[in-house]
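Only one structure is covered here, and it is reproduced in the block below.
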Amino acid sequence: MATLLYRLARFSFRRRWLVASVWTAILLALGGGALTLSGQMSNTVTIPGTEAQQAIDHLKDKFPQAAAGNATARVAIEAPDGQKLTDPAAQATVEEMLAKVKTAPGVTMVADPYQAKTVSADGNIAMAQVSYNVPATDVTDSDREALKSAANAAKGAGFTVEFGGDAIQGVPATEATEGVGVIVAAIVLAITFGSVVAAGLPLLTALIGVGVGMAGVMTVSGFVDLNSNTPILALMLGLAVGIDYALFIVSRYRHELAEGHDFEQAAGRSVGTAGSAVVFAGLTVIIALVGLTVVGIPILGQMGIAAAVTVAIAVLIALTLLPALLGFAGRKVVGKRARPKHNGKPALGERWARHVGRHRVPVLVTAVLGLVVVAIPALSMQLGLPTDATAAPDSTQRKAYDLISEGFGEGTNGPLIVVIDSAEAPDPRLAATEATDSISRLPDVAAVTQAQFNAEGDTALLTVIPKSGPSSEDTENLVASIRDQSDRLSGATGAKLSVTGQTALQIDVSEKMAGAMVPYLSLIVGLAFLLLMLVFRSIIVPLKATLGFLGSVVATFGAVVAVFQWGWLNDLLGVESTGPIMSMLPILLIGVLFGLAMDYQVFLVTRMREDYVHGADARDAVVSGFRHGARVVVAAALIMISVFAGFVAAELSLIQSIGFALAFGVLVDAFVVRMSIVPAVMSLLGKHAWWLPKWLQRVLPNVDVEGEGLKKHLDDRRELEEARS
């Protein structure tokens, strides 16, 4: 592979105008496609295979007037001091406000609290349920503002009016931090290279790669129904790995120039060696992203595939466009920092590697114990989805939640919808009565409403109000208990029972995510282990890499639980509320962190492997590998940490948790695992780290990532040229 990439890089260097023109044409063509062919992306989120989703699909078919799966809002109303909502004047004000709510865009029905008997016993608090004709993801900001503005007159009269429900929560929008990340990346790259041109090349190629990837996603959206969140992961990772891969190759290019090679040779050698590492680093990221399709949630699968394609584009650009741009840059890519120094002082990376080598056991024990301690809170991780209870304390959602809890109990914020399919039942109404009675007797049930039937009379709905809040373990147990009634009800009456609603859907999503975590981990770790074994021709190095990654993941889970579930350091980080960890976070964290962790692993250890294969002592190879690779890994990690940490300043706890998890995960993996545990283990094992059974050596193809074949090829060619001369 090294020889092939060497030739590709030299071709790109010599034919730089052609290569640059081809990539420009691709960008323009896909950009044109994005402008002319792109379709309207959907905000609809479905969770196939869950009982809650199946019940929603059944209701859409048999009971469309129930508007299952559509957005709902809860209007919490509190009377002014000294008044009751049952007073004639107060009731008139409330009914006038609700009449305005009915005229808000998308609203199909408003339940009058006086008729629905949702006025608290003391007359201080009332709740009105609002139904929409579209899912929550399709409710726009203007729709939400129109709903809230309907309460202005009542608020002016002294009433407290707050809004909750998924219609108000909507789709959280992240602050635009990509620009901040690019600025931080530019600063780090300028410090690392000491050259504006050298710093600019990774940024330029990363932005081109992201542009091609995003334009491709938008073009495809004209032919395939994509969720509007699909480009998010592609944008984030495309920018991240695009900078990382170009950074690694440019760093090696400057090293080859310092060794005395001309520009074309330096480009070929840097891509032949560092480019080989980029190929396999990219493959590990792609494996992790494509593996998201096994989770069984379409939005995650789409995000994974889009991001995987963008990563593949970043690899191709690093191997072809970057050598062409190096040809255009000429000597400008070499800054003052690249000039040889004669003070005899070794680089910081080399000094650190020697320190770890001398104290390998204490460093290893300290690092592993540190990971274990930080990971302890992960044992109590509770997964869930954002609810009004986890909203910021000063938000209208949280205030509505608290008012409704005060007036009617926490469970009113998360009603359960029980669907009774009586198509095969001889007496549908008897089946509904039997279901109502059995559910009413279950623990944690506050109330069960009267059954409502569709026009055909073969499907009925019951609304169950739990005593506990939507995110509580008691409510989760109640959902399981109601579902356990299905077999008994079917045997006694012939009817089938299922549970849906926002709370049940959240429970099902959390369980599906938790169930997919182990298969997903097994898939990506297993495939990456095989890939790394192919790269390093060792069993120990891939095993160490995957175990180190698992240590980073569990430590990050522990830190996330401590901050966002337990409330540690909340004031310092600006986290205003705590609650269950978002269900999708562990899967996303595993995928993203795995890709970046393997990048750092490949970047560091391939240079150790290269020096070892070329004759260096195993422990000396660790030091030389750090001398050449530590600066690159530190720079890449600092860029990623800064980009992800920007999300911690977001207003939403959900976005804060994602930013914190990724920033902390990269910090731990880069500086604790790759920069401490890796050199300690490699130094401890010495040449045994590169052990591979002889039968496996014969079976595994030699991909020559370390450039041994390339070195032989160049030596043979030089000897041939000398013989001719």
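Ligands are numbered from 1 in the order shown, chains are lettered A, B, ... in the order of the structure tokens, and residues start at 1 in each chain.
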Compile the contact shell of Val678 in chain A as a PyMOL selection string: residues with an atom at most 12 Å away, counting only C-alpha atoms, same-chain residues fewer than 3 positions apart removed. chain A and resi 353+356-357+360-361+363-364+367-368+540-549+597+600-602+604-605+608+622-623+625-626+630+669-675+681-686+689
Fewer than 4 positions away in the same chain doesn't count, so skip those; otherwise give me all residues within 7 Å of range 111-127 of chain A, counting only C-alpha atoms, as a PyMOL selection string. chain A and resi 74-79+84-86+404+407-408
Of the residues A:Gly291, A:Pro135, A:Gly69, A:Pro323, which is the one nearest to Ala9 in chain A, using only C-alpha atoms? A:Pro323
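When DSSP reads the backbone of this structure, the residues of range 123-349 of chain A it assigns to strand (DSSP E or B) are Ile125, Ala126, Met127, Ala128, Gln129, Val130, Ser131, Tyr132, Thr160, Val161, Glu162, Phe163, Gly164 and Asn227 of chain A.
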Could you give me, as a VMD selection string, each residue of range 356-474 of chain A that DSSP assigns to alpha helix (DSSP H) when run on this structure's backbone? chain A and resid 356 to 358 360 to 375 396 to 408 428 to 440 473 to 474
Across A:Ile56, A:Ala451, A:Ile482, A:Val184, the smallest distance to Leu203 in chain A, with only C-alpha atoms counted, is shown by A:Val184
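For the atom pair formed by CA of Thr93 in chain A and CA of Ala151 in chain A, the distance is 9.9 Å, given to one decimal.
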Neighbour list for range 247-252 of chain A as a list in words, cut-off 7 Å, only C-alpha atoms, skip fewer than 5 positions in-chain: Pro202, Ser270, Val271, Ala274, Gly275 and Val632 of chain A
With N, CA and C atoms retained, could you export that selection as a short mmCIF file (atom, residue, chain, number, x, y, z; two decimals), in the first residue's frame?
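Output contents, as saved in again.cif:
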data_model
loop_
_atom_site.label_atom_id
_atom_site.label_comp_id
_atom_site.auth_asym_id
_atom_site.auth_seq_id
_atom_site.Cartn_x
_atom_site.Cartn_y
_atom_site.Cartn_z
N PRO A 202 -4.40 22.18 6.18
CA PRO A 202 -5.38 21.28 6.79
C PRO A 202 -6.77 21.89 6.89
N SER A 270 5.68 11.13 2.29
CA SER A 270 4.77 11.45 3.40
C SER A 270 3.42 10.76 3.21
N VAL A 271 2.92 10.75 1.99
CA VAL A 271 1.64 10.07 1.74
C VAL A 271 1.83 8.55 1.77
N ALA A 274 2.68 8.23 6.16
CA ALA A 274 1.59 8.80 6.96
C ALA A 274 0.24 8.58 6.29
N GLY A 275 0.22 8.61 4.96
CA GLY A 275 -1.04 8.38 4.24
C GLY A 275 -1.59 6.99 4.46
N VAL A 632 1.76 16.07 16.81
CA VAL A 632 0.58 15.98 15.94
C VAL A 632 -0.65 15.55 16.73
#
Any idea what's packed within 10 Å of Ile587 in chain A, counting only C-alpha atoms, ignoring anything in its chain fewer than 4 positions away? Could you give it as a compact mmCIF listing (two decimals) with all heavy atoms, in the first residue's frame?
# COMPACT_ATOMS: atom_id res chain seq x y z
N LEU A 292 -23.62 2.15 13.05
CA LEU A 292 -24.81 2.75 13.64
C LEU A 292 -26.09 2.21 13.00
O LEU A 292 -27.17 2.31 13.59
CB LEU A 292 -24.78 4.27 13.50
CG LEU A 292 -23.79 5.01 14.40
CD1 LEU A 292 -23.71 6.48 14.02
CD2 LEU A 292 -24.18 4.87 15.86
N VAL A 295 -28.22 -0.37 15.03
CA VAL A 295 -29.01 0.03 16.20
C VAL A 295 -30.50 -0.11 15.94
O VAL A 295 -31.29 -0.36 16.85
CB VAL A 295 -28.65 1.49 16.59
CG1 VAL A 295 -29.51 1.97 17.75
CG2 VAL A 295 -27.18 1.57 16.96
N LEU A 300 -30.39 7.43 13.24
CA LEU A 300 -28.99 7.15 13.57
C LEU A 300 -28.27 6.49 12.39
O LEU A 300 -27.11 6.79 12.12
CB LEU A 300 -28.90 6.26 14.81
CG LEU A 300 -29.03 6.95 16.17
CD1 LEU A 300 -28.88 5.93 17.28
CD2 LEU A 300 -28.01 8.05 16.33
N MET A 513 -31.97 1.50 22.81
CA MET A 513 -30.60 1.99 22.78
C MET A 513 -29.70 1.16 23.70
O MET A 513 -28.59 0.79 23.33
CB MET A 513 -30.56 3.46 23.21
CG MET A 513 -31.15 4.41 22.21
SD MET A 513 -30.10 4.55 20.75
CE MET A 513 -30.99 5.82 19.86
N ALA A 514 -30.20 0.91 24.91
CA ALA A 514 -29.40 0.13 25.86
C ALA A 514 -29.16 -1.28 25.33
O ALA A 514 -28.07 -1.84 25.47
CB ALA A 514 -30.11 0.07 27.21
N ALA A 516 -28.99 -2.16 22.22
CA ALA A 516 -28.12 -2.14 21.03
C ALA A 516 -26.68 -1.84 21.36
O ALA A 516 -25.79 -2.05 20.53
CB ALA A 516 -28.64 -1.10 20.03
N MET A 517 -26.40 -1.38 22.58
CA MET A 517 -25.06 -0.92 22.91
C MET A 517 -24.03 -2.04 22.84
O MET A 517 -22.96 -1.88 22.24
CB MET A 517 -25.06 -0.27 24.30
CG MET A 517 -23.84 0.60 24.55
SD MET A 517 -23.84 1.36 26.18
CE MET A 517 -25.45 2.13 26.22
N VAL A 518 -24.33 -3.19 23.44
CA VAL A 518 -23.36 -4.29 23.45
C VAL A 518 -23.13 -4.84 22.04
O VAL A 518 -21.98 -5.02 21.62
CB VAL A 518 -23.81 -5.39 24.42
CG1 VAL A 518 -22.90 -6.62 24.29
CG2 VAL A 518 -23.77 -4.87 25.86
N TYR A 520 -23.46 -3.29 19.22
CA TYR A 520 -22.76 -2.25 18.48
C TYR A 520 -21.29 -2.21 18.86
O TYR A 520 -20.40 -2.17 17.99
CB TYR A 520 -23.42 -0.90 18.75
CG TYR A 520 -22.73 0.27 18.09
CD1 TYR A 520 -22.64 0.36 16.71
CD2 TYR A 520 -22.18 1.30 18.84
CE1 TYR A 520 -22.01 1.42 16.10
CE2 TYR A 520 -21.55 2.37 18.25
CZ TYR A 520 -21.46 2.43 16.87
OH TYR A 520 -20.84 3.49 16.28
N LEU A 521 -21.03 -2.24 20.17
CA LEU A 521 -19.64 -2.26 20.64
C LEU A 521 -18.91 -3.48 20.11
O LEU A 521 -17.77 -3.40 19.65
CB LEU A 521 -19.62 -2.27 22.16
CG LEU A 521 -19.24 -0.98 22.89
CD1 LEU A 521 -19.29 -1.18 24.38
CD2 LEU A 521 -17.87 -0.50 22.46
N SER A 583 -30.78 9.13 25.79
CA SER A 583 -30.65 7.73 25.34
C SER A 583 -29.64 7.56 24.22
O SER A 583 -28.92 6.56 24.17
CB SER A 583 -32.02 7.21 24.88
OG SER A 583 -32.96 7.31 25.91
N GLY A 591 -19.45 5.74 19.03
CA GLY A 591 -19.07 5.82 17.62
C GLY A 591 -18.05 6.91 17.35
O GLY A 591 -17.02 6.68 16.72
N VAL A 592 -18.32 8.13 17.84
CA VAL A 592 -17.42 9.25 17.57
C VAL A 592 -16.08 9.07 18.28
O VAL A 592 -15.01 9.24 17.68
CB VAL A 592 -18.09 10.57 18.00
CG1 VAL A 592 -17.11 11.73 17.83
CG2 VAL A 592 -19.35 10.83 17.20
N LEU A 593 -16.13 8.72 19.56
CA LEU A 593 -14.90 8.58 20.33
C LEU A 593 -14.05 7.42 19.82
O LEU A 593 -12.82 7.51 19.79
CB LEU A 593 -15.22 8.39 21.81
CG LEU A 593 -14.02 8.39 22.77
CD1 LEU A 593 -13.24 9.67 22.64
CD2 LEU A 593 -14.49 8.19 24.20
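We find CA of Leu35 in chain A and CA of Gly200 in chain A to be spaced 27.9 Å apart.
Nearest residue to Gly158 in chain A among A:Asp225, A:Glu350, A:Asp81, A:Glu95 is A:Asp81, counting only C-alpha atoms.
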Do a neighbour search on Val311 in chain A at 7 Å with only C-alpha atoms, toss out local chain neighbours closer than 5 positions, and write the hits as a PyMOL selection string. chain A and resi 238+241+282+286
Identify, on the basis of only C-alpha atoms, every residue whose closest approach to Ser21 in chain A does not exceed 12 Å; exclude the query and any residue fewer than 4 positions from it along the same chain; express the result as a ChimeraX atom specification. /A:12,15-17,25-29,320-321,324-325
Put those residues in a file: C-alpha atoms, as a short mmCIF file (atom, residue, chain, number, x, y, z; two decimals), in the first residue's frame.
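Saved to part-v6.cif:
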data_model
loop_
_atom_site.label_atom_id
_atom_site.label_comp_id
_atom_site.auth_asym_id
_atom_site.auth_seq_id
_atom_site.Cartn_x
_atom_site.Cartn_y
_atom_site.Cartn_z
CA SER A 12 -1.03 14.39 -7.70
CA ARG A 15 -0.46 16.94 -12.08
CA ARG A 16 -1.59 19.37 -9.41
CA TRP A 17 -3.62 21.55 -11.78
CA ALA A 25 -15.48 20.29 -10.56
CA ILE A 26 -16.79 17.74 -8.05
CA LEU A 27 -17.50 20.46 -5.50
CA LEU A 28 -19.25 22.65 -8.08
CA ALA A 29 -21.25 19.75 -9.52
CA THR A 320 -4.84 13.38 -3.62
CA LEU A 321 -5.74 17.05 -3.21
CA ALA A 324 -1.40 18.82 -5.16
CA LEU A 325 -1.74 21.77 -2.80
#
I want to know what sits within 6 Å of range 453-456 of chain A, based on only C-alpha atoms, with residues of the same chain fewer than 3 positions away left out; could you give that as number ranges by chain? A: 63, 459-460
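Taking CA of Glu162 in chain A and CA of Leu416 in chain A as endpoints, the distance between them is 21.9 Å.
Between Leu322 in chain A and the residues A:Thr205, A:Ser221, A:Thr72, A:Gln53, the shortest atom-to-atom distance, using only C-alpha atoms, involves A:Thr205.
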